[in-house]
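**Q** Here you go, this is query20.txt (compact mmCIF, C-alpha atoms).
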# COMPACT_ATOMS: atom_id res chain seq x y z
CA MET C 1 -1.56 -2.37 53.69
CA ILE C 2 -1.69 -0.97 50.15
CA SER C 3 -2.25 2.73 49.48
CA GLU C 4 -5.52 4.24 48.34
CA LYS C 5 -3.75 5.38 45.19
CA MET C 6 -2.90 1.78 44.31
CA ARG C 7 -6.35 0.30 44.95
CA PRO C 8 -7.95 1.27 41.62
CA LEU C 9 -4.84 0.06 39.78
CA VAL C 10 -5.11 -3.32 41.45
CA ALA C 11 -8.84 -3.49 40.75
CA ASN C 12 -8.31 -2.61 37.09
CA ASN C 13 -5.23 -4.68 36.42
CA SER C 14 -4.26 -4.57 32.75
CA VAL C 15 -6.61 -6.67 30.64
CA ILE C 16 -3.72 -7.26 28.24
CA ARG C 17 -1.64 -8.91 30.95
CA VAL C 18 -4.64 -10.89 32.20
CA MET C 19 -5.20 -12.24 28.68
CA PHE C 20 -1.51 -13.09 28.40
CA GLU C 21 -1.69 -15.13 31.61
CA GLU C 22 -4.87 -16.82 30.36
CA GLY C 23 -2.99 -17.81 27.22
CA LYS C 24 -0.36 -19.57 29.28
CA ARG C 25 -3.08 -21.40 31.23
CA LEU C 26 -4.86 -22.56 28.07
CA ALA C 27 -1.56 -23.64 26.50
CA SER C 28 -0.93 -25.94 29.47
CA ILE C 29 -4.31 -27.59 28.84
CA TYR C 30 -4.58 -27.72 25.04
CA GLY C 31 -0.96 -27.38 23.98
CA ALA C 32 0.71 -24.15 22.85
CA GLU C 33 0.15 -25.00 19.17
CA ASN C 34 -3.63 -25.02 19.74
CA VAL C 35 -3.87 -21.66 21.51
CA TYR C 36 -3.83 -18.47 19.45
CA ASP C 37 -2.60 -15.73 21.75
CA PHE C 38 -2.83 -12.31 20.07
CA SER C 39 -2.90 -10.36 23.33
CA LEU C 40 0.56 -9.01 24.11
CA GLY C 41 2.78 -6.80 21.96
CA ASN C 42 5.79 -9.02 22.62
CA PRO C 43 7.96 -9.17 19.47
CA ASN C 44 8.31 -12.62 17.95
CA VAL C 45 10.91 -11.49 15.42
CA PRO C 46 14.41 -12.08 16.85
CA ALA C 47 16.72 -9.19 17.61
CA PRO C 48 19.09 -8.40 14.70
CA LYS C 49 22.38 -10.32 14.73
CA GLU C 50 24.18 -7.02 15.24
CA VAL C 51 22.73 -6.83 18.76
CA ASN C 52 24.40 -10.05 19.92
CA GLU C 53 27.60 -9.03 18.15
CA ALA C 54 27.53 -5.66 19.88
CA ILE C 55 27.01 -7.27 23.29
CA VAL C 56 30.04 -9.53 22.81
CA GLU C 57 32.20 -6.75 21.37
CA THR C 58 31.29 -4.41 24.23
CA LEU C 59 32.17 -6.97 26.89
CA MET C 60 35.40 -7.97 25.13
CA GLU C 61 36.65 -4.54 24.09
CA GLU C 62 35.51 -2.07 26.76
CA GLU C 63 36.69 -1.84 30.35
CA SER C 64 34.40 -3.79 32.68
CA THR C 65 34.21 -1.12 35.37
CA PHE C 66 33.25 1.39 32.67
CA VAL C 67 30.61 -0.81 31.04
CA HIS C 68 28.97 -1.79 34.31
CA GLY C 69 29.55 1.40 36.28
CA TYR C 70 27.65 4.58 36.97
CA MET C 71 27.62 7.41 34.51
CA SER C 72 25.76 10.72 34.23
CA ASN C 73 22.08 10.22 35.10
CA ALA C 74 21.37 11.34 31.54
CA GLY C 75 23.47 8.50 30.11
CA TYR C 76 26.86 8.08 28.45
CA GLU C 77 27.81 11.23 26.54
CA ASP C 78 29.13 9.36 23.49
CA VAL C 79 25.97 7.25 23.25
CA ARG C 80 23.77 10.34 23.39
CA ALA C 81 25.90 12.09 20.77
CA THR C 82 25.69 9.05 18.46
CA ILE C 83 21.89 8.96 18.76
CA ALA C 84 21.66 12.70 18.09
CA ASP C 85 23.84 12.38 14.98
CA SER C 86 21.72 9.48 13.71
CA LEU C 87 18.49 11.43 14.15
CA ASN C 88 20.01 14.44 12.39
CA GLN C 89 21.04 12.33 9.40
CA ARG C 90 17.65 10.63 9.14
CA PHE C 91 15.28 13.53 9.81
CA GLY C 92 17.22 16.71 9.07
CA THR C 93 17.17 17.81 12.72
CA ALA C 94 19.94 19.60 14.62
CA PHE C 95 20.12 17.72 17.93
CA HIS C 96 23.19 17.32 20.13
CA GLN C 97 24.00 15.12 23.12
CA ASN C 98 22.32 17.47 25.58
CA ASN C 99 19.02 16.98 23.80
CA ILE C 100 19.14 13.20 24.42
CA LEU C 101 18.39 11.64 27.82
CA MET C 102 18.75 7.85 28.04
CA THR C 103 15.79 6.16 29.77
CA VAL C 104 14.57 2.76 30.93
CA GLY C 105 12.43 2.33 27.84
CA ALA C 106 9.66 4.63 26.61
CA ALA C 107 7.45 3.93 29.64
CA SER C 108 10.06 5.29 32.00
CA GLY C 109 10.68 8.16 29.61
CA LEU C 110 7.00 9.11 29.77
CA ASN C 111 7.12 9.03 33.57
CA VAL C 112 10.28 11.13 33.59
CA ILE C 113 8.86 13.91 31.44
CA LEU C 114 5.48 13.87 33.23
CA LYS C 115 7.22 14.14 36.62
CA THR C 116 9.29 17.00 35.20
CA ILE C 117 6.38 19.12 33.98
CA LEU C 118 3.21 18.24 35.96
CA ASN C 119 1.85 20.03 38.99
CA PRO C 120 -1.07 18.47 40.92
CA GLY C 121 -4.31 19.08 39.04
CA ASP C 122 -2.67 19.67 35.67
CA GLN C 123 -4.44 17.99 32.77
CA VAL C 124 -2.94 15.76 30.10
CA ILE C 125 -4.91 15.05 26.92
CA ALA C 126 -4.77 11.71 25.11
CA PHE C 127 -6.54 10.66 21.92
CA ALA C 128 -8.58 7.46 22.09
CA PRO C 129 -7.75 4.77 21.35
CA TYR C 130 -4.62 5.10 23.48
CA PHE C 131 -2.22 2.84 25.40
CA VAL C 132 -3.96 1.96 28.65
CA GLU C 133 -1.02 2.83 30.92
CA TYR C 134 -1.10 6.55 30.08
CA GLY C 135 -3.74 7.14 32.72
CA GLY C 136 -1.63 5.48 35.41
CA TYR C 137 1.45 7.43 34.41
CA VAL C 138 -0.39 10.76 34.60
CA ARG C 139 -1.95 9.91 37.97
CA ASN C 140 1.50 9.02 39.33
CA TYR C 141 2.11 12.78 39.51
CA ASP C 142 -1.42 13.79 40.54
CA GLY C 143 -2.38 14.88 37.06
CA GLU C 144 -5.70 14.29 35.34
CA LEU C 145 -6.02 12.41 32.05
CA VAL C 146 -8.53 13.96 29.66
CA VAL C 147 -9.60 11.68 26.81
CA VAL C 148 -10.61 12.82 23.33
CA SER C 149 -13.10 10.36 21.87
CA PRO C 150 -12.03 8.24 18.89
CA ASN C 151 -12.50 9.10 15.25
CA THR C 152 -13.57 5.66 14.03
CA VAL C 153 -13.60 6.69 10.36
CA ASP C 154 -9.83 6.63 9.87
CA PHE C 155 -8.51 6.79 13.49
CA GLN C 156 -6.63 10.04 12.91
CA PRO C 157 -6.99 12.22 16.05
CA ASN C 158 -10.38 13.87 16.58
CA LEU C 159 -9.10 17.43 16.35
CA GLU C 160 -12.53 19.09 16.52
CA GLU C 161 -13.16 17.66 19.98
CA PHE C 162 -9.52 18.30 20.89
CA VAL C 163 -10.02 22.05 20.39
CA GLU C 164 -13.00 21.97 22.74
CA LYS C 165 -11.20 20.07 25.51
CA ILE C 166 -8.04 22.17 25.77
CA ASN C 167 -8.23 24.69 28.60
CA GLU C 168 -6.01 26.71 30.92
CA LYS C 169 -5.27 23.54 32.96
CA THR C 170 -3.91 21.63 29.96
CA LYS C 171 -0.18 21.04 30.51
CA ALA C 172 0.54 18.25 28.01
CA VAL C 173 -0.83 16.24 25.12
CA ILE C 174 0.29 12.67 24.41
CA ILE C 175 0.27 11.25 20.89
CA ASN C 176 1.36 7.80 19.75
CA THR C 177 2.27 7.26 16.10
CA PRO C 178 2.42 4.67 14.64
CA ASN C 179 -0.45 4.00 16.96
CA ASN C 180 -1.11 1.23 19.43
CA PRO C 181 -3.76 -0.23 18.98
CA THR C 182 -4.81 0.89 15.48
CA GLY C 183 -1.54 0.83 13.52
CA VAL C 184 -2.44 4.24 12.08
CA VAL C 185 0.34 6.73 11.28
CA TYR C 186 -0.60 10.34 11.99
CA SER C 187 -0.39 12.28 8.75
CA ASP C 188 1.48 15.46 7.89
CA ALA C 189 -1.85 17.29 7.68
CA THR C 190 -2.89 16.02 11.12
CA LEU C 191 0.37 17.04 12.78
CA THR C 192 0.40 20.42 11.03
CA ARG C 193 -3.10 21.22 12.31
CA LEU C 194 -2.25 19.82 15.76
CA GLY C 195 0.70 22.19 16.01
CA GLU C 196 -1.44 25.13 14.90
CA ILE C 197 -4.07 24.37 17.54
CA LEU C 198 -1.48 24.11 20.31
CA ARG C 199 0.12 27.42 19.39
CA GLU C 200 -3.30 29.10 19.21
CA LYS C 201 -4.28 27.74 22.63
CA GLU C 202 -0.96 28.69 24.25
CA LYS C 203 -1.55 32.24 23.05
CA GLU C 204 -5.21 32.23 24.12
CA PHE C 205 -4.52 31.00 27.66
CA GLY C 206 -1.04 32.43 28.17
CA THR C 207 0.26 28.96 29.08
CA ASP C 208 2.84 26.49 27.84
CA ILE C 209 1.62 23.12 26.55
CA VAL C 210 4.01 20.21 25.97
CA LEU C 211 3.38 17.77 23.13
CA ILE C 212 4.71 14.33 24.11
CA SER C 213 5.23 11.98 21.17
CA ASP C 214 5.39 8.34 22.27
CA GLU C 215 7.27 6.52 19.49
CA PRO C 216 8.22 2.90 20.25
CA TYR C 217 6.88 1.84 16.82
CA ARG C 218 8.57 4.52 14.69
CA GLU C 219 10.56 2.07 12.53
CA LEU C 220 7.63 -0.30 12.03
CA ALA C 221 5.95 1.28 9.00
CA TYR C 222 4.88 -0.44 5.79
CA ASP C 223 4.29 0.22 2.10
CA GLY C 224 6.70 3.16 2.10
CA VAL C 225 4.60 5.16 4.57
CA GLU C 226 6.56 8.06 6.09
CA VAL C 227 6.32 8.63 9.85
CA PRO C 228 6.77 12.42 10.26
CA TYR C 229 9.22 13.62 12.91
CA VAL C 230 7.06 15.56 15.33
CA THR C 231 9.57 18.16 16.60
CA LYS C 232 9.30 19.85 13.20
CA TYR C 233 5.64 20.68 13.76
CA TYR C 234 5.67 22.21 17.24
CA ALA C 235 8.49 23.69 19.32
CA ASN C 236 7.41 22.44 22.76
CA THR C 237 7.67 18.77 21.75
CA VAL C 238 9.33 15.95 23.70
CA VAL C 239 9.89 12.60 21.97
CA CYS C 240 9.81 9.34 23.95
CA TYR C 241 11.52 6.50 22.11
CA SER C 242 12.23 2.85 22.86
CA TYR C 243 14.26 0.13 21.14
CA SER C 244 11.79 -2.48 22.42
CA LYS C 245 10.13 -2.92 19.04
CA SER C 246 12.66 -1.55 16.56
CA LEU C 247 15.38 -3.96 17.79
CA SER C 248 13.10 -6.56 19.48
CA LEU C 249 14.48 -5.74 22.94
CA PRO C 250 11.37 -5.23 25.11
CA GLY C 251 12.85 -6.82 28.23
CA GLU C 252 16.10 -4.85 28.06
CA ARG C 253 14.27 -1.58 28.83
CA ILE C 254 16.35 0.87 26.83
CA GLY C 255 15.18 4.09 25.22
CA TYR C 256 15.60 7.84 25.31
CA LEU C 257 13.92 11.25 25.51
CA VAL C 258 14.51 14.01 22.98
CA ILE C 259 14.21 17.48 24.54
CA PRO C 260 14.98 19.93 21.69
CA ASP C 261 16.66 23.30 22.03
CA GLU C 262 13.52 24.86 20.50
CA MET C 263 11.49 23.89 23.56
CA LYS C 264 10.90 26.71 26.03
CA ASP C 265 13.45 26.59 28.88
CA SER C 266 14.99 23.55 27.18
CA ALA C 267 18.18 23.41 29.27
CA GLU C 268 16.23 23.73 32.52
CA VAL C 269 13.76 21.05 31.41
CA PHE C 270 16.63 18.72 30.47
CA THR C 271 18.28 19.21 33.87
CA ALA C 272 15.00 18.61 35.69
CA ALA C 273 14.29 15.51 33.60
CA THR C 274 17.75 14.16 34.38
CA ILE C 275 17.03 14.58 38.10
CA ALA C 276 13.57 13.00 37.63
CA ASN C 277 15.30 10.02 36.00
CA ARG C 278 17.29 9.61 39.22
CA VAL C 279 14.63 10.28 41.83
CA ASN C 280 12.08 8.05 40.09
CA GLY C 281 14.47 5.26 41.08
CA CYS C 282 15.89 4.50 37.65
CA VAL C 283 19.16 6.37 38.41
CA ASN C 284 20.27 5.77 34.81
CA ALA C 285 19.33 3.62 31.83
CA PRO C 286 20.96 0.13 31.72
CA SER C 287 24.66 0.72 31.14
CA LEU C 288 25.47 -2.33 29.00
CA MET C 289 22.52 -1.71 26.70
CA GLN C 290 23.54 1.92 26.25
CA ARG C 291 26.95 0.72 25.01
CA VAL C 292 25.26 -1.86 22.78
CA ILE C 293 22.88 0.69 21.25
CA LYS C 294 25.78 2.88 20.19
CA ARG C 295 27.37 0.01 18.28
CA CYS C 296 24.05 -1.06 16.79
CA ILE C 297 23.41 2.41 15.40
CA GLU C 298 26.89 2.47 13.89
CA LYS C 299 26.25 -0.97 12.34
CA GLY C 300 22.87 0.10 10.97
CA ALA C 301 20.99 -2.64 12.84
CA SER C 302 17.27 -2.95 12.11
CA VAL C 303 14.54 -5.46 12.82
CA ASN C 304 13.18 -7.78 10.13
CA LEU C 305 10.27 -5.66 8.97
CA GLU C 306 9.40 -8.11 6.19
CA ALA C 307 8.29 -10.70 8.75
CA TYR C 308 5.81 -8.29 10.33
CA ASP C 309 4.60 -7.15 6.92
CA ARG C 310 3.96 -10.75 5.90
CA ASN C 311 1.98 -11.32 9.09
CA ARG C 312 0.06 -8.08 8.59
CA ASN C 313 -1.03 -8.94 5.07
CA ARG C 314 -1.98 -12.55 5.86
CA LEU C 315 -4.02 -11.66 8.95
CA TYR C 316 -5.69 -8.63 7.37
CA GLU C 317 -6.73 -10.52 4.22
CA GLY C 318 -7.73 -13.60 6.21
CA LEU C 319 -9.97 -11.68 8.59
CA ARG C 320 -11.61 -9.75 5.77
CA GLU C 321 -12.31 -13.02 3.97
CA CYS C 322 -14.02 -14.22 7.18
CA GLY C 323 -16.23 -11.12 7.10
CA PHE C 324 -14.55 -9.02 9.79
CA THR C 325 -14.12 -5.26 9.36
CA CYS C 326 -10.90 -3.35 10.04
CA ILE C 327 -8.66 -0.72 8.52
CA LYS C 328 -5.32 -1.90 7.17
CA PRO C 329 -2.58 -0.76 9.57
CA GLU C 330 0.21 1.42 8.21
CA GLY C 331 2.57 0.72 11.10
CA ALA C 332 3.18 -1.01 14.46
CA PHE C 333 2.02 -4.66 14.67
CA TYR C 334 -1.65 -4.51 15.57
CA LEU C 335 -4.99 -4.89 13.80
CA PHE C 336 -7.95 -3.02 15.34
CA VAL C 337 -11.00 -5.02 14.36
CA LYS C 338 -14.64 -3.94 14.70
CA SER C 339 -16.60 -6.24 16.98
CA PRO C 340 -19.68 -7.78 15.32
CA VAL C 341 -21.64 -6.98 18.50
CA PRO C 342 -21.68 -3.73 20.52
CA ASP C 343 -20.17 -5.40 23.60
CA GLU C 344 -16.68 -6.33 22.45
CA LYS C 345 -15.97 -8.02 25.78
CA GLU C 346 -18.71 -10.50 24.96
CA PHE C 347 -17.05 -11.01 21.58
CA CYS C 348 -13.67 -11.63 23.25
CA ALA C 349 -15.30 -14.17 25.57
CA THR C 350 -16.81 -15.96 22.58
CA ALA C 351 -13.41 -15.94 20.84
CA GLN C 352 -11.91 -17.74 23.84
CA LYS C 353 -14.17 -20.73 23.07
CA TYR C 354 -11.93 -21.20 20.03
CA ASN C 355 -8.74 -20.47 22.00
CA LEU C 356 -8.44 -17.06 20.37
CA LEU C 357 -7.15 -14.43 22.82
CA LEU C 358 -8.02 -10.88 21.77
CA VAL C 359 -7.92 -7.63 23.75
CA PRO C 360 -11.14 -5.58 24.12
CA GLY C 361 -11.05 -2.06 22.74
CA SER C 362 -12.46 -0.64 25.98
CA SER C 363 -8.94 -1.21 27.37
CA PHE C 364 -7.90 1.55 24.96
CA ALA C 365 -10.97 3.77 25.60
CA CYS C 366 -12.53 2.61 22.33
CA PRO C 367 -15.30 0.07 22.98
CA GLY C 368 -16.76 -1.88 20.09
CA TYR C 369 -13.36 -2.96 18.75
CA VAL C 370 -10.72 -5.56 19.59
CA ARG C 371 -6.96 -5.44 19.23
CA ILE C 372 -5.10 -8.31 17.61
CA ALA C 373 -1.30 -8.28 17.97
CA TYR C 374 0.35 -9.90 14.95
CA CYS C 375 3.88 -9.90 16.39
CA VAL C 376 3.57 -13.69 16.49
CA SER C 377 4.84 -16.46 14.25
CA TYR C 378 3.43 -16.70 10.74
CA GLU C 379 2.60 -20.31 11.54
CA GLN C 380 0.37 -19.23 14.44
CA ILE C 381 -1.56 -16.93 12.12
CA GLU C 382 -2.05 -19.75 9.62
CA ARG C 383 -3.16 -22.18 12.34
CA SER C 384 -5.58 -19.62 13.76
CA MET C 385 -7.53 -19.06 10.55
CA PRO C 386 -9.94 -22.00 11.00
CA ALA C 387 -10.69 -20.69 14.50
CA PHE C 388 -11.43 -17.22 13.14
CA GLU C 389 -13.67 -18.77 10.50
CA LYS C 390 -15.66 -20.61 13.19
CA LEU C 391 -15.89 -17.39 15.19
CA ALA C 392 -17.19 -15.53 12.12
CA GLN C 393 -19.75 -18.27 11.45
CA GLU C 394 -21.04 -17.93 15.01
CA TYR C 395 -21.88 -14.31 14.25
CA LYS C 396 -23.08 -15.10 10.69
CA LEU C 397 -20.61 -12.66 9.13
CA LYS C 398 -20.65 -14.43 5.76
Could you spell out this file's structure in structure tokens?
**A**
Amino acid sequence: MISEKMRPLVANNSVIRVMFEEGKRLASIYGAENVYDFSLGNPNVPAPKEVNEAIVETLMEEESTFVHGYMSNAGYEDVRATIADSLNQRFGTAFHQNNILMTVGAASGLNVILKTILNPGDQVIAFAPYFVEYGGYVRNYDGELVVVSPNTVDFQPNLEEFVEKINEKTKAVIINTPNNPTGVVYSDATLTRLGEILREKEKEFGTDIVLISDEPYRELAYDGVEVPYVTKYYANTVVCYSYSKSLSLPGERIGYLVIPDEMKDSAEVFTAATIANRVNGCVNAPSLMQRVIKRCIEKGASVNLEAYDRNRNRLYEGLRECGFTCIKPEGAFYLFVKSPVPDEKEFCATAQKYNLLLVPGSSFACPGYVRIAYCVSYEQIERSMPAFEKLAQEYKLK
């Protein structure tokens, strides 16, 4: 009964979700306190108090039929204007409400912009390691995902190979910074050179290439690291944003697209994206959460970054003491750890003997590494350390 297009997706169901389900199974056997599930990027830090306050205030102070009713497919005008003003204050941009399209999280935003711009056979480039769902999103619209191999020295994009892989069929490039799974923040130098390459290739091929910046982790950056705002580096940029991580609201599915005036045919692209938002079946982003986001921005709500930073430091130092190798993440809430054996899936299977659930790097097109999500309780990290030590001893890392 299922379509041929769905068959490979069913066969290659997300390893991350499979590991998450395995964690629940193991917890039922050994007890949740004895299972160390680092598989899913599901925030453990509670949403800021301002979120709950904004929900109550919205329901008490705004007309019910307005809060729960339809609005423009692009979202409430005042919400979009508030987001634009906030971005302008923070990043020195000049956005207005018709640059902001409210979406059902960043995932839906990516689908909206890909539906808007892709013709069958168009190519979309992604830099490994990348979020596994990008391939599915591109194939939804009969595009082809082209993968640039990872730079495992510092996990900045491999721009030398990028230059070689752009061609006349390239319609878009997806970047993700701070990055899932590495936690790396793409530098000013990287983005400057990326913009130069894209402009050179547009001129060479006489085509238009869209840079899509996937930014659900923008606010999760540590040690004073700046996350550059990508629209400043390249005119044909679209930003996909989500409040899933920045306000710990992954299940609420609320985010937005930024389609700047500087983008070629910006108004036409915005109109088409608004229609894509509707015909994809979303119709509009969740109405209550749009109202809540406006109030949260005005209240200056932000997630407790200190909790993630504490987790990051404890896990990073603990794993290094065990003998594991990884770079220290600058953002997001993941460690990308080098497997002590070439087959990281074998390593993940061994880790499960100690109730450690890790995600193989091949899920992100970067074999030989594993992702560890530290958006868990600090207590879980502490409890897991003896298990990591036993795992390290099995591979004689010390």
**Q** Using all atoms listed in the file, find the one residue out of C:Asp223, C:Glu160, C:Asp214, C:Glu202 that sits nearest to Val239 in chain C.
**A**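 Selected residue with least distance to Val239 in chain C: C:Asp214.
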**Q** Excluding Asp188 in chain C and any residue of its chain fewer than 2 positions from it, enumerate the residues within 10 Å of it, using all atoms listed in the file, and give them as a PyMOL selection string.
**A** chain C and resi 185-186+190-194+226-230+233
**Q** Hey, what's within 9 Å of Ala54 in chain C if we count all atoms listed in the file and toss same-chain stuff fewer than 3 positions away? As a short mmCIF file (atom, residue, chain, number, x, y, z; two decimals) with C-alpha atoms, in the frame of the given file, please?
**A**
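See out03.cif below for the written result:
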data_model
loop_
_atom_site.label_atom_id
_atom_site.label_comp_id
_atom_site.auth_asym_id
_atom_site.auth_seq_id
_atom_site.Cartn_x
_atom_site.Cartn_y
_atom_site.Cartn_z
CA LYS C 49 22.38 -10.32 14.73
CA GLU C 50 24.18 -7.02 15.24
CA VAL C 51 22.73 -6.83 18.76
CA GLU C 57 32.20 -6.75 21.37
CA THR C 58 31.29 -4.41 24.23
CA LEU C 59 32.17 -6.97 26.89
CA ARG C 291 26.95 0.72 25.01
CA VAL C 292 25.26 -1.86 22.78
CA ILE C 293 22.88 0.69 21.25
CA LYS C 294 25.78 2.88 20.19
CA ARG C 295 27.37 0.01 18.28
CA CYS C 296 24.05 -1.06 16.79
CA LYS C 299 26.25 -0.97 12.34
#
**Q** Ranking C:Cys348, C:Ala392, C:Ala272, C:Ile113 by minimum distance to Ser213 in chain C and counting all atoms listed in the file, which one comes first?
**A**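 Smallest separation from Ser213 in chain C among the options: C:Ile113.
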**Q** As an exercise, work out the distance from CA of Asp265 in chain C to CA of Leu110 in chain C in Å and give it to one decimal place.
**A**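 So the two atoms, CA of Asp265 in chain C and CA of Leu110 in chain C, lie 18.7 Å apart.
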**Q** From the list C:Leu220, C:Ala47, C:Val173, C:Cys366, which residue is nearest Ala128 in chain C when using all atoms listed in the file?
**A**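 Ranked by minimum distance to Ala128 in chain C, first place goes to C:Cys366.
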**Q** Taking only C-alpha atoms into account, which of C:Asn179, C:Asn34, C:Ser28, C:Thr152 comes nearest Arg383 in chain C?
**A** C:Asn34
**Q** Counting all atoms listed in the file, which residues of range 33-67 of chain C sit at most 9 Å from some atom of range 367-372 of chain C, and what is each one's closest atom pair with its distance in Å to one decimal, listed by chain and rising residue number, as CSV?
**A**
residue,atom,partner,partner_atom,distance
C:Asp37,CA,C:Ile372,CA,8.9
C:Phe38,CA,C:Ile372,CA,5.2
C:Ser39,CA,C:Ile372,CA,6.5
C:Leu40,CA,C:Ile372,CA,8.6
**Q** Once you have the residues from the selection above, write them out as an mmCIF file, in the coordinates of the input, restricted to C-alpha atoms.
**A**
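This went into selection.cif:
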data_model
loop_
_atom_site.group_PDB
_atom_site.id
_atom_site.type_symbol
_atom_site.label_atom_id
_atom_site.label_comp_id
_atom_site.auth_asym_id
_atom_site.auth_seq_id
_atom_site.Cartn_x
_atom_site.Cartn_y
_atom_site.Cartn_z
ATOM 1 C CA ASP C 37 -2.600 -15.730 21.750
ATOM 2 C CA PHE C 38 -2.830 -12.310 20.070
ATOM 3 C CA SER C 39 -2.900 -10.360 23.330
ATOM 4 C CA LEU C 40 0.560 -9.010 24.110
#
**Q** Between C:Pro48, C:Pro129, C:Pro386, C:Gly23, single out the one closest to Ala301 in chain C, counting all atoms listed in the file.
**A**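 Result for the nearest residue to Ala301 in chain C: C:Pro48.
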**Q** Take CA of Arg278 in chain C and CA of Leu114 in chain C and report the distance between them in Å, one decimal.
**A**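 Rounded to one decimal, the two atoms are 13.9 Å apart.
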**Q** What does the structure give for the distance between CA of Ala332 in chain C and CA of Ser377 in chain C, in Å to one decimal?
**A** 15.5 Å
**Q** Using all atoms listed in the file, can you tell me which of C:Ile254, C:Gly224, C:Asn99, C:Leu87 comes closest to Leu288 in chain C?
**A**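 Selected residue with least distance to Leu288 in chain C: C:Ile254.
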**Q** As a list in words, please: the residues near Val45 in chain C (cut-off 9 Å, all atoms listed in the file, same-chain neighbours under 5 positions excluded).
**A** Ser248, Val303, Asn304, Leu305, Ala307, Tyr308, Cys375, Val376 and Ser377 of chain C
